[in-house]
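Heads up: the structure comes next, in structure tokens.
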Amino acid sequence: MNTASRLRDVSRAAVRSEIAEAAEALFAAQGFDATTVDQIAAAVGMSQRTFFRYFPSKEDAALDSFEHQTELFLERLSERPLGEDEWASLRSVFDLVVDQCADATLGARISSLHSLLESSPTLLAAYLERSASLQKRMVQTLHDRAAERGDRAESDAVLRAVVGSAFACLEAAILCFTDGSVDGPVLAGRLDDVMTALRPARYL
């Protein structure tokens, strides 16, 4: 990638971030469903047509941080030691969320997003679709890691169940954070408790 291309990418990312932040503020003030693309575009001084050059929909703007997190999850998973079992690797990946919740600003954004998800079936459906896509990509990463180790790969169904169960644990722990049952600094312990309780028998 040449310098001009890198600069364009940086500029585009900066504009996307500005739009996402403006959208987040509007969603918090008046709700997701009540906020229009026109309002988001006006908040950053652009037309609706320009908005769509950066985001296909307002759902995409609301879930922009999730898209970033998806790539971080996959990167972290691919970097785990090859000899580590899948359940332990997934727990390590989830430290990304634990660290975010421990940060006052990022933790507040996570709580805000989950409030929006609870209030909007449309946004929740978009979130669940992206979560399913992420889990599918993580299953493929686990298959790739098994092949790299020279192991016989688990069936797709087994790995899908393992990844789905791990994400259910993460979601349960995050709900404890967003409802105020635990704060960011102790979220890791709650997640450990949940993942230990639901650890698949093959990893005991």
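Numbering starts fresh at 1 for the residues of each chain in the structure tokens, the chains themselves are lettered A, B, ... in the order given, and ligands are numbered from 1 as they appear.
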#### Entry: Spatial neighbours of stretch 158-173 of chain A, max dist 6 Å, only C-alpha atoms, sep filter under 5 positions, as a list in words
Val139, Leu191, Val194 and Met195 of chain A
### Residues near stretch 43-51 of chain A, cut-off 7 Å, only C-alpha atoms, skip fewer than 6 positions along chain, as a list in words
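Returned residues: Ile19, Ala22 and Val37 of chain A.
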Produce a file of the selected residues containing all heavy atoms, as a CSV table (one decimal), in the first residue's frame.
chain,number,residue,atom,x,y,z
A,19,ILE,N,-18.6,10.2,12.3
A,19,ILE,CA,-20.0,9.9,12.1
A,19,ILE,C,-20.6,9.0,13.2
A,19,ILE,O,-21.7,9.2,13.7
A,19,ILE,CB,-20.2,9.3,10.7
A,19,ILE,CG1,-19.8,10.2,9.6
A,19,ILE,CG2,-21.7,8.8,10.5
A,19,ILE,CD1,-19.8,9.5,8.2
A,22,ALA,N,-21.1,10.9,16.4
A,22,ALA,CA,-22.3,11.8,16.3
A,22,ALA,C,-23.6,10.9,16.4
A,22,ALA,O,-24.6,11.3,17.1
A,22,ALA,CB,-22.3,12.5,15.0
A,37,VAL,N,-31.2,8.9,9.5
A,37,VAL,CA,-29.9,9.1,8.9
A,37,VAL,C,-29.7,10.6,8.5
A,37,VAL,O,-28.6,11.1,8.7
A,37,VAL,CB,-29.8,8.3,7.6
A,37,VAL,CG1,-28.6,8.7,6.7
A,37,VAL,CG2,-29.8,6.8,7.9
### Task
Do a neighbour search on stretch 141-145 of chain A at 7 Å with only C-alpha atoms, toss out local chain neighbours closer than 4 positions, and write the hits as a PyMOL selection string.
chain A and resi 78+82+137+149+153
### Task
Compile the contact shell of stretch 60-62 of chain A as a VMD selection string: residues with an atom at most 8 Å away, counting only C-alpha atoms, same-chain residues fewer than 4 positions apart removed.
chain A and resid 19 to 20 23 to 24 55 to 56 113
### Query
Of the residues A:Ser89, A:Thr36, A:Ser111, A:Gln140, which is the one nearest to A:Lys58, using only C-alpha atoms?
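Once distances to A:Lys58 are computed over only C-alpha atoms, the minimum belongs to A:Thr36.
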### Query
Which one is closest to A:Glu118: A:Leu96, A:Leu175, A:Ala88, A:Ala132? Count only C-alpha atoms.
A:Leu175
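For the residues A:Arg76, A:Thr70, A:Ala13, A:Ile110, ranking by smallest atom-to-atom distance to A:Lys136 using only C-alpha atoms places A:Thr70 first.
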